[in-house]
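S.K.: Dropping in data-v2.cif, which is mmCIF, C-alpha atoms:
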```cif
data_structure
#
loop_
_atom_site.label_atom_id
_atom_site.label_comp_id
_atom_site.auth_asym_id
_atom_site.auth_seq_id
_atom_site.Cartn_x
_atom_site.Cartn_y
_atom_site.Cartn_z
CA MET A 449 2.98 -71.31 12.40
CA ALA A 450 -0.24 -73.23 11.74
CA ASN A 451 -0.81 -74.54 8.24
CA LEU A 452 -3.70 -72.16 7.54
CA GLU A 453 -1.50 -69.21 8.49
CA ILE A 454 1.26 -70.48 6.16
CA TYR A 455 -1.26 -70.90 3.35
CA SER A 456 -2.71 -67.45 3.82
CA LYS A 457 0.69 -65.73 4.01
CA MET A 458 2.17 -67.53 0.98
CA ARG A 459 -0.95 -67.03 -1.10
CA ALA A 460 -1.09 -63.30 -0.33
CA GLU A 461 2.60 -62.78 -1.09
CA VAL A 462 2.48 -64.76 -4.31
CA SER A 463 -0.70 -63.00 -5.46
CA ARG A 464 0.98 -59.62 -4.99
CA HIS A 465 4.07 -60.80 -6.84
CA LEU A 466 2.00 -62.06 -9.76
CA THR A 467 -0.19 -58.98 -10.11
CA GLN A 468 2.31 -56.25 -9.20
CA ASP A 469 5.54 -57.67 -10.64
CA LEU A 470 5.23 -60.42 -13.25
CA ILE A 471 2.10 -59.39 -15.12
CA PRO A 472 3.08 -55.70 -15.52
CA PHE A 473 6.61 -56.70 -16.56
CA TRP A 474 5.50 -59.02 -19.35
CA LYS A 475 2.83 -56.61 -20.53
CA SER A 476 5.57 -54.01 -20.95
CA LEU A 477 7.32 -56.20 -23.55
CA ARG A 478 4.35 -56.28 -25.91
CA ASP A 479 5.15 -55.22 -29.48
CA ASP A 480 2.07 -53.78 -31.18
CA GLU A 481 3.97 -52.84 -34.33
CA ASN A 482 5.44 -56.23 -35.21
CA GLY A 483 3.36 -58.55 -33.07
CA GLY A 484 4.41 -60.79 -30.22
CA TYR A 485 6.76 -59.75 -27.44
CA THR A 486 10.32 -58.45 -27.25
CA GLY A 487 12.71 -61.38 -27.32
CA TYR A 488 15.63 -60.13 -25.21
CA LEU A 489 16.27 -58.03 -22.12
CA GLY A 490 19.80 -58.04 -20.78
CA TYR A 491 21.04 -58.11 -17.22
CA ASP A 492 21.45 -54.34 -17.64
CA LEU A 493 17.65 -54.15 -18.15
CA LYS A 494 18.06 -52.82 -21.67
CA ALA A 495 15.65 -54.35 -24.17
CA ASP A 496 16.70 -55.34 -27.67
CA ARG A 497 13.50 -54.76 -29.60
CA LYS A 498 15.00 -56.33 -32.73
CA ALA A 499 16.29 -59.52 -31.12
CA VAL A 500 15.30 -62.89 -32.52
CA ARG A 501 12.16 -64.21 -30.85
CA GLY A 502 12.08 -67.81 -29.76
CA CYS A 503 8.79 -69.49 -30.58
CA ILE A 504 8.99 -71.32 -27.25
CA LEU A 505 9.19 -67.91 -25.56
CA ASN A 506 6.10 -66.70 -27.41
CA SER A 507 4.15 -69.88 -26.60
CA ARG A 508 5.04 -69.65 -22.93
CA ILE A 509 4.03 -65.97 -22.76
CA THR A 510 0.72 -66.83 -24.46
CA TRP A 511 0.20 -69.67 -21.97
CA PHE A 512 1.02 -67.34 -19.08
CA PHE A 513 -1.51 -64.70 -20.02
CA ALA A 514 -4.21 -67.26 -20.84
CA ASN A 515 -3.84 -68.83 -17.40
CA ALA A 516 -3.61 -65.46 -15.69
CA TYR A 517 -6.92 -64.52 -17.31
CA THR A 518 -8.56 -67.82 -16.34
CA LEU A 519 -7.49 -67.23 -12.74
CA LEU A 520 -8.03 -63.48 -12.38
CA LYS A 521 -10.73 -62.71 -15.00
CA ASP A 522 -9.06 -59.45 -16.04
CA ALA A 523 -10.02 -58.77 -19.67
CA SER A 524 -6.65 -57.13 -20.38
CA LEU A 525 -4.98 -60.50 -19.76
CA LEU A 526 -7.15 -62.22 -22.35
CA ASP A 527 -6.17 -59.48 -24.79
CA GLU A 528 -2.50 -60.22 -24.12
CA ALA A 529 -3.09 -63.95 -24.69
CA ALA A 530 -4.87 -63.17 -27.96
CA HIS A 531 -1.90 -61.03 -28.99
CA GLY A 532 0.48 -63.94 -28.34
CA PHE A 533 -1.80 -66.36 -30.18
CA ALA A 534 -1.89 -64.08 -33.24
CA PHE A 535 1.92 -64.05 -33.40
CA LEU A 536 2.05 -67.83 -33.01
CA LYS A 537 -0.44 -68.27 -35.83
CA ASN A 538 0.86 -65.58 -38.18
CA ALA A 539 4.63 -65.74 -37.64
CA CYS A 540 5.71 -68.90 -35.81
CA TRP A 541 3.59 -71.31 -37.87
CA ASP A 542 5.10 -72.77 -41.06
CA ARG A 543 2.26 -72.30 -43.54
CA LYS A 544 3.90 -74.48 -46.19
CA ASN A 545 5.03 -77.53 -44.23
CA GLY A 546 3.11 -77.23 -40.99
CA GLY A 547 4.46 -77.05 -37.47
CA VAL A 548 6.13 -74.27 -35.52
CA TYR A 549 9.59 -72.88 -36.25
CA TRP A 550 12.29 -72.71 -33.59
CA SER A 551 12.54 -68.92 -33.85
CA VAL A 552 11.53 -65.94 -35.94
CA ASN A 553 12.95 -62.47 -36.44
CA TYR A 554 11.40 -59.50 -34.66
CA ASP A 555 9.35 -58.70 -37.78
CA GLY A 556 7.87 -62.19 -37.91
CA THR A 557 10.00 -63.61 -40.72
CA PRO A 558 11.53 -67.06 -40.12
CA ALA A 559 14.92 -67.23 -38.40
CA GLU A 560 15.72 -70.85 -37.41
CA THR A 561 13.31 -73.03 -39.36
CA LEU A 562 14.04 -76.35 -37.65
CA LYS A 563 11.11 -78.17 -36.05
CA HIS A 564 11.63 -79.59 -32.57
CA THR A 565 9.15 -81.89 -30.84
CA TYR A 566 9.67 -79.94 -27.60
CA ASN A 567 8.70 -76.72 -29.37
CA GLN A 568 5.55 -78.21 -30.91
CA ALA A 569 4.56 -79.44 -27.45
CA PHE A 570 4.78 -75.99 -25.90
CA SER A 571 2.63 -74.59 -28.68
CA ILE A 572 -0.02 -77.22 -27.87
CA TYR A 573 0.27 -76.24 -24.21
CA ALA A 574 -0.34 -72.58 -25.04
CA LEU A 575 -3.09 -73.22 -27.57
CA SER A 576 -4.99 -75.46 -25.18
CA SER A 577 -4.91 -72.89 -22.39
CA TYR A 578 -5.83 -70.09 -24.78
CA TYR A 579 -8.78 -72.13 -26.03
CA GLU A 580 -9.99 -72.54 -22.46
CA ALA A 581 -9.60 -68.81 -21.77
CA GLY A 582 -10.96 -67.36 -25.00
CA LYS A 583 -13.09 -70.20 -26.43
CA ASP A 584 -11.34 -69.62 -29.78
CA ARG A 585 -11.93 -72.78 -31.81
CA ASP A 586 -9.06 -71.87 -34.16
CA ALA A 587 -6.65 -72.38 -31.26
CA LEU A 588 -8.00 -75.85 -30.48
CA ASP A 589 -7.91 -76.81 -34.16
CA MET A 590 -4.29 -75.69 -34.38
CA ALA A 591 -3.45 -77.69 -31.25
CA TYR A 592 -4.81 -80.84 -32.87
CA ARG A 593 -2.91 -80.15 -36.09
CA LEU A 594 0.26 -80.04 -34.02
CA TYR A 595 -0.80 -83.19 -32.16
CA ASP A 596 -1.14 -84.98 -35.52
CA ILE A 597 2.27 -83.70 -36.64
CA ILE A 598 3.93 -84.99 -33.46
CA GLU A 599 2.24 -88.37 -33.67
CA GLU A 600 2.69 -88.88 -37.42
CA LYS A 601 6.07 -87.27 -38.10
CA MET A 602 7.96 -87.05 -34.81
CA CYS A 603 7.26 -90.40 -33.17
CA ASP A 604 8.27 -94.01 -33.72
CA ALA A 605 7.42 -97.25 -31.95
CA LEU A 606 9.87 -96.55 -29.11
CA GLY A 607 8.99 -92.96 -28.32
CA TYR A 608 9.23 -89.36 -29.46
CA GLN A 609 12.14 -88.30 -31.60
CA GLU A 610 13.63 -84.89 -31.10
CA ALA A 611 14.76 -82.60 -33.93
CA PHE A 612 13.84 -82.17 -37.59
CA ASP A 613 14.43 -79.75 -40.43
CA GLU A 614 11.55 -77.70 -41.79
CA ASN A 615 10.47 -80.66 -43.97
CA PHE A 616 10.54 -83.06 -40.99
CA HIS A 617 13.72 -84.91 -41.88
CA GLY A 618 15.62 -85.92 -38.75
CA ILE A 619 18.62 -83.80 -37.68
CA ASP A 620 20.98 -83.70 -34.69
CA ASN A 621 19.35 -82.73 -31.41
CA ASP A 622 21.68 -79.89 -30.49
CA LYS A 623 18.89 -77.75 -28.99
CA LEU A 624 18.11 -80.16 -26.14
CA SER A 625 21.48 -81.86 -25.78
CA GLU A 626 24.06 -80.59 -23.28
CA ASN A 627 26.66 -81.79 -20.78
CA GLY A 628 28.88 -82.97 -23.64
CA VAL A 629 26.46 -85.49 -25.17
CA MET A 630 24.24 -85.57 -28.25
CA ALA A 631 21.03 -87.31 -27.25
CA SER A 632 18.69 -89.16 -29.59
CA ARG A 633 15.94 -89.09 -26.98
CA THR A 634 15.47 -86.98 -23.84
CA MET A 635 13.47 -87.10 -20.67
CA ASN A 636 12.82 -83.38 -21.11
CA THR A 637 10.99 -83.68 -24.43
CA LEU A 638 8.90 -86.61 -23.22
CA LEU A 639 7.95 -84.72 -20.06
CA HIS A 640 6.74 -81.68 -21.94
CA VAL A 641 4.82 -83.63 -24.57
CA PHE A 642 3.14 -85.30 -21.58
CA GLU A 643 2.44 -81.90 -20.03
CA ALA A 644 1.02 -80.52 -23.29
CA TYR A 645 -1.21 -83.52 -23.89
CA THR A 646 -2.46 -83.34 -20.31
CA GLU A 647 -3.57 -79.76 -20.92
CA LEU A 648 -5.13 -80.67 -24.27
CA TYR A 649 -7.03 -83.54 -22.67
CA ARG A 650 -8.13 -81.37 -19.77
CA VAL A 651 -9.81 -78.83 -22.05
CA ASP A 652 -11.27 -81.25 -24.63
CA HIS A 653 -11.26 -84.83 -23.26
CA SER A 654 -10.26 -86.64 -26.44
CA GLU A 655 -9.72 -90.34 -25.83
CA LYS A 656 -6.96 -90.55 -28.42
CA VAL A 657 -5.02 -88.01 -26.37
CA ALA A 658 -5.76 -89.94 -23.17
CA ASP A 659 -4.31 -93.09 -24.73
CA ARG A 660 -1.06 -91.29 -25.51
CA ILE A 661 -0.87 -89.92 -21.97
CA ARG A 662 -1.07 -93.49 -20.67
CA TRP A 663 1.59 -94.59 -23.17
CA MET A 664 3.92 -91.84 -21.98
CA MET A 665 3.43 -92.82 -18.35
CA ASP A 666 4.43 -96.34 -19.34
CA LEU A 667 7.62 -94.91 -20.87
CA ILE A 668 8.34 -92.83 -17.78
CA SER A 669 7.91 -95.86 -15.53
CA THR A 670 9.91 -98.31 -17.65
CA LYS A 671 12.51 -96.23 -19.54
CA ILE A 672 13.01 -92.92 -17.72
CA TYR A 673 12.63 -93.73 -14.03
CA ASN A 674 15.57 -95.51 -12.41
CA PRO A 675 14.27 -97.17 -9.21
CA GLU A 676 17.75 -98.18 -8.04
CA ARG A 677 18.96 -94.58 -8.09
CA HIS A 678 15.59 -93.02 -7.19
CA ARG A 679 15.79 -90.60 -10.09
CA GLN A 680 15.05 -90.10 -13.75
CA GLU A 681 17.70 -90.59 -16.39
CA VAL A 682 18.03 -87.58 -18.67
CA PHE A 683 19.77 -88.26 -21.99
CA PHE A 684 19.42 -91.46 -24.02
CA ASP A 685 20.49 -93.15 -27.22
CA ASP A 686 17.86 -94.26 -29.70
CA GLU A 687 17.16 -97.46 -27.73
CA TRP A 688 16.56 -95.63 -24.43
CA ASN A 689 19.98 -96.47 -22.99
CA PRO A 690 21.21 -93.65 -20.70
CA ILE A 691 24.33 -91.97 -22.08
CA ILE A 692 25.41 -89.88 -19.09
CA ASP A 693 25.41 -90.09 -15.30
CA LEU A 694 23.25 -87.06 -14.55
CA HIS A 695 20.69 -86.33 -11.86
CA SER A 696 18.60 -83.29 -12.80
CA TYR A 697 17.06 -82.24 -9.50
CA GLY A 698 14.78 -79.62 -11.02
CA HIS A 699 13.36 -81.98 -13.63
CA ASP A 700 12.72 -84.68 -11.03
CA ILE A 701 10.70 -82.43 -8.72
CA GLU A 702 8.89 -80.96 -11.73
CA THR A 703 8.10 -84.41 -13.11
CA ALA A 704 6.74 -85.55 -9.75
CA TRP A 705 4.00 -82.96 -9.62
CA LEU A 706 3.30 -82.89 -13.38
CA VAL A 707 2.78 -86.66 -13.44
CA ASP A 708 0.55 -86.43 -10.38
CA ARG A 709 -1.37 -83.69 -12.19
CA GLY A 710 -1.65 -85.84 -15.32
CA VAL A 711 -3.00 -88.77 -13.32
CA GLU A 712 -5.53 -86.47 -11.66
CA VAL A 713 -6.70 -85.01 -14.98
CA LEU A 714 -6.90 -88.47 -16.55
CA GLY A 715 -8.83 -89.92 -13.61
CA ASP A 716 -7.46 -93.43 -14.17
CA ASP A 717 -7.01 -95.35 -10.90
CA THR A 718 -4.80 -97.95 -12.56
CA TYR A 719 -2.24 -95.30 -13.47
CA ARG A 720 -2.63 -93.57 -10.15
CA ARG A 721 -1.55 -96.77 -8.41
CA LYS A 722 1.25 -97.23 -10.94
CA MET A 723 2.70 -93.71 -10.92
CA SER A 724 2.14 -92.48 -7.34
CA PRO A 725 4.99 -94.55 -5.84
CA ILE A 726 7.32 -93.19 -8.52
CA THR A 727 6.41 -89.54 -7.96
CA ALA A 728 6.67 -90.03 -4.18
CA ASP A 729 10.13 -91.55 -4.60
CA LEU A 730 11.36 -88.73 -6.84
CA THR A 731 10.15 -86.11 -4.38
CA ALA A 732 11.71 -87.87 -1.40
CA GLN A 733 15.07 -88.28 -3.12
CA VAL A 734 15.26 -84.63 -4.22
CA TYR A 735 14.44 -83.56 -0.66
CA LYS A 736 17.12 -85.90 0.68
CA VAL A 737 20.04 -85.10 -1.64
CA ALA A 738 19.44 -81.65 -3.18
CA PHE A 739 17.57 -79.47 -0.66
CA ASP A 740 19.87 -77.58 1.71
CA GLY A 741 17.18 -76.15 3.97
CA SER A 742 16.55 -73.02 1.91
CA SER A 743 16.95 -73.79 -1.81
CA LEU A 744 17.72 -76.50 -4.35
CA ALA A 745 20.94 -77.22 -6.23
CA ASN A 746 20.69 -77.49 -9.99
CA GLU A 747 21.96 -80.98 -10.85
CA CYS A 748 24.64 -83.58 -10.19
CA GLU A 749 26.80 -84.81 -13.08
CA ARG A 750 29.09 -87.79 -12.45
CA GLY A 751 28.99 -87.09 -8.73
CA VAL A 752 29.77 -83.35 -9.01
CA VAL A 753 26.97 -81.05 -7.83
CA ASP A 754 26.16 -77.87 -9.76
CA GLU A 755 25.39 -75.46 -6.93
CA TRP A 756 23.85 -72.65 -8.98
CA ARG A 757 20.35 -71.77 -7.81
CA VAL A 758 18.51 -71.57 -11.14
CA TRP A 759 15.25 -69.63 -11.41
CA TRP A 760 13.13 -72.40 -12.89
CA VAL A 761 14.45 -75.06 -10.52
CA GLN A 762 13.42 -73.02 -7.47
CA ALA A 763 9.97 -72.32 -8.91
CA GLU A 764 9.33 -76.00 -9.63
CA THR A 765 10.66 -76.93 -6.19
CA VAL A 766 8.03 -74.84 -4.42
CA VAL A 767 5.23 -76.51 -6.37
CA GLY A 768 6.80 -79.96 -6.14
CA PHE A 769 7.21 -79.89 -2.37
CA LEU A 770 3.76 -78.40 -1.89
CA ASN A 771 2.39 -81.20 -4.04
CA GLY A 772 4.40 -83.74 -2.04
CA TYR A 773 2.88 -82.43 1.19
CA GLU A 774 -0.63 -82.68 -0.24
CA LYS A 775 -0.03 -86.26 -1.41
CA THR A 776 1.78 -87.63 1.66
CA GLY A 777 1.09 -85.30 4.57
CA ARG A 778 4.83 -84.97 5.27
CA THR A 779 5.06 -81.61 6.98
CA GLU A 780 8.74 -81.24 6.13
CA TYR A 781 7.68 -80.76 2.51
CA LEU A 782 5.37 -77.89 3.44
CA ASP A 783 8.20 -76.29 5.39
CA ALA A 784 10.56 -76.81 2.44
CA ALA A 785 8.13 -75.11 0.05
CA GLN A 786 7.91 -72.17 2.42
CA GLN A 787 11.70 -71.98 2.79
CA VAL A 788 12.33 -72.00 -0.97
CA TRP A 789 9.73 -69.29 -1.47
CA GLY A 790 11.64 -67.30 1.15
CA PHE A 791 14.88 -67.80 -0.81
CA ILE A 792 13.13 -66.67 -4.01
CA LYS A 793 11.81 -63.51 -2.33
CA GLU A 794 15.20 -62.62 -0.89
CA HIS A 795 17.54 -63.59 -3.70
CA LEU A 796 15.90 -64.43 -7.04
CA ILE A 797 13.32 -61.69 -7.53
CA ASP A 798 15.25 -58.79 -9.06
CA ARG A 799 14.67 -55.82 -6.75
CA ARG A 800 16.87 -53.37 -8.65
CA ASP A 801 15.59 -50.07 -9.96
CA GLY A 802 15.47 -49.71 -13.73
CA TYR A 803 12.41 -51.71 -14.74
CA ALA A 804 9.90 -49.83 -16.87
CA GLU A 805 7.07 -51.76 -15.19
CA GLY A 806 6.94 -54.67 -12.79
CA ARG A 807 9.99 -56.87 -12.31
CA GLU A 808 11.28 -60.36 -13.11
CA TRP A 809 13.71 -62.91 -11.61
CA TYR A 810 17.40 -63.35 -12.15
CA TRP A 811 18.33 -66.35 -14.29
CA ARG A 812 20.43 -67.86 -11.51
CA VAL A 813 22.23 -66.93 -8.32
CA ARG A 814 25.01 -68.42 -6.22
CA THR A 815 24.27 -70.05 -2.89
CA ASP A 816 24.90 -66.69 -1.20
CA GLY A 817 22.33 -65.04 -3.48
CA THR A 818 24.65 -63.07 -5.77
CA PRO A 819 23.33 -63.14 -9.35
CA ASP A 820 25.08 -64.26 -12.52
CA GLU A 821 25.52 -61.02 -14.43
CA ALA A 822 26.26 -62.88 -17.67
CA LYS A 823 22.68 -64.12 -17.91
CA GLY A 824 19.88 -61.97 -19.31
CA ILE A 825 16.48 -61.38 -17.76
CA VAL A 826 14.55 -62.31 -20.93
CA GLU A 827 15.74 -64.51 -23.78
CA PRO A 828 14.39 -67.53 -25.72
CA TRP A 829 14.44 -69.80 -22.62
CA LYS A 830 13.78 -67.17 -19.91
CA CYS A 831 10.09 -66.53 -19.66
CA PRO A 832 7.10 -66.36 -17.25
CA TYR A 833 6.30 -70.08 -17.57
CA HIS A 834 7.99 -71.55 -14.48
CA ASN A 835 7.64 -68.65 -12.06
CA GLY A 836 4.22 -67.68 -13.38
CA ARG A 837 3.03 -71.25 -13.04
CA MET A 838 4.37 -71.39 -9.50
CA CYS A 839 2.17 -68.41 -8.71
CA PHE A 840 -0.90 -69.99 -10.30
CA GLU A 841 -0.36 -73.29 -8.51
CA ILE A 842 0.14 -71.72 -5.09
CA ILE A 843 -2.93 -69.50 -5.47
CA ARG A 844 -5.10 -72.41 -6.61
CA ARG A 845 -3.77 -74.97 -4.15
CA LEU A 846 -3.82 -72.70 -1.11
CA SER A 847 -7.21 -71.10 -1.74
CA ASP A 848 -9.82 -71.43 1.01
CA GLY A 849 -7.30 -73.09 3.32
CA LYS A 850 -7.10 -76.19 1.13
#
```
Since I need it in another form, could you write the structure as structure tokens?

M.R.:
Amino acid sequence: MANLEIYSKMRAEVSRHLTQDLIPFWKSLRDDENGGYTGYLGYDLKADRKAVRGCILNSRITWFFANAYTLLKDASLLDEAAHGFAFLKNACWDRKNGGVYWSVNYDGTPAETLKHTYNQAFSIYALSSYYEAGKDRDALDMAYRLYDIIEEKMCDALGYQEAFDENFHGIDNDKLSENGVMASRTMNTLLHVFEAYTELYRVDHSEKVADRIRWMMDLISTKIYNPERHRQEVFFDDEWNPIIDLHSYGHDIETAWLVDRGVEVLGDDTYRRKMSPITADLTAQVYKVAFDGSSLANECERGVVDEWRVWWVQAETVVGFLNGYEKTGRTEYLDAAQQVWGFIKEHLIDRRDGYAEGREWYWRVRTDGTPDEAKGIVEPWKCPYHNGRMCFEIIRRLSDGK
């Protein structure tokens, strides 16, 4: 199939999925009585309207609707983004100490009051996109207040620290530590601060933000990226020493295209020359060791591969391989993006009856496509950020035969 035919087919399929499945589904979770969106929907498709609501979930939903509006120009989508922004401002924001809580109860009262750098970053990401969509100056002002909090209270000379109590005293990083380690610093937090600042710079072009984007790319190139193993390290002690042998395939392919995007937004040729070989290497290694011809494994810890096909990993893989094709011209990447989208259509999109409106993806499936029934459809980490963004990126990248 010629490239233009592939582009046209993928774009049409993804556009239908976005408008007929994802957008109606997430609209159906809106809570007009308490604000925000329902925080939990089980595998059985039963919603718990009184479940705790993760502030990351609310930020990602707000981001999703803001970007959907920017792309589609449907006024109802801007209204949804404004609804998410109101809950972020009125419930998730700590009015006394500043910053965004980890979670709140369904009625908007605080639940877990810890402050995590990762969480603040996703709020900046949402606020920046909402500012672009709605031209609401309050959103941009709030984004900069969070930027100042991260830079002044959550950062030291070596990099970003992770977890704090509500008064910004350091605490253990149990929210972003896993695989049996407690990490002082993580690749994941750095990546998503980078992503958030890229979005903030894109909509407002502040040079102080640009300087921090460059600083983070220096950290990625010198502390995170391991050229001998062609991967990123994931968990670190306070001095940036890796503390576990872990290759996170999904994060590597996600980082590759997000860093390329950051370089593009920044428009700095020095950093393009510095980072492009790294992102090309990450993409090539993931293709070599993790792609099986139809989908991507999750990760490899101490030589043991986790074969679950996780929803967000597959979404980022489509974008990452499409980005790799655009950057290098390697047609095998275009074919891989197409194959993973085929796996998503067949196995990850939940085709069961029982949805009130639209439909979402399973959390994860086995290599044969059978889903993990222990994982819910919506919860604090399961949201329209990865799969929604995949849709946006495919539609934008494949428009007009580009």

S.K.: Given the file above and the PyMOL selection byres ((chain A and resi 766) around 10), which residues are selected, and can you give them as a ChimeraX atom specification?

M.R.: /A:701-702,743-744,761-765,767-772,781-789,792,835,838-839,841-842

S.K.: Can you pull out the residues contacting A:Glu610? Cut-off 7 Å, using only C-alpha atoms, and skip same-chain residues under 3 positions away; I want them as a list in words.

M.R.: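 Listing them by chain and then by number gives His564, Thr565, Asn621, Ser632 and Arg633 of chain A.
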
S.K.: Applied to the shown file, which residues does the PyMOL selection byres ((chain A and resi 546-561) around 6) return, written as a list in words?

M.R.: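 Given this file, the PyMOL selection byres ((chain A and resi 546-561) around 6) evaluates to Asn482, Lys498, Val500, Arg501, Gly502, Cys503, Ala539, Cys540, Trp541, Asp542, Arg543, Lys544, Asn545, Leu562, Lys563 and Glu614 of chain A.
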
S.K.: Residues picked by the PyMOL selection byres ((chain A and resi 605) around 12) here, as a CSV table (one decimal) with C-alpha atoms, in the frame of the given file?

M.R.:
```csv
chain,number,residue,atom,x,y,z
A,599,GLU,CA,2.2,-88.4,-33.7
A,600,GLU,CA,2.7,-88.9,-37.4
A,601,LYS,CA,6.1,-87.3,-38.1
A,602,MET,CA,8.0,-87.0,-34.8
A,603,CYS,CA,7.3,-90.4,-33.2
A,604,ASP,CA,8.3,-94.0,-33.7
A,606,LEU,CA,9.9,-96.6,-29.1
A,607,GLY,CA,9.0,-93.0,-28.3
A,608,TYR,CA,9.2,-89.4,-29.5
A,609,GLN,CA,12.1,-88.3,-31.6
A,663,TRP,CA,1.6,-94.6,-23.2
A,664,MET,CA,3.9,-91.8,-22.0
A,667,LEU,CA,7.6,-94.9,-20.9
A,686,ASP,CA,17.9,-94.3,-29.7
A,687,GLU,CA,17.2,-97.5,-27.7
A,688,TRP,CA,16.6,-95.6,-24.4
```

S.K.: Could you check the closest approach to A:Phe840 for each of A:Arg497, A:Lys521, A:Arg478, A:Arg459 and tell me which residue wins, using all atoms listed in the file?

M.R.: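 The shortest atom-to-atom distance to A:Phe840 comes from A:Arg459.
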
S.K.: Can you tell me how far atom CA of A:Gly751 sits from atom CA of A:Glu821, in Å to one decimal?

M.R.: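 Atom-to-atom, atom CA of A:Gly751 to atom CA of A:Glu821, that is 26.9 Å.
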
S.K.: Work out how far atom CA of A:Tyr810 is from atom CA of A:Phe473, in Å to one decimal.

M.R.: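 Interatomic distance here is 13.4 Å.
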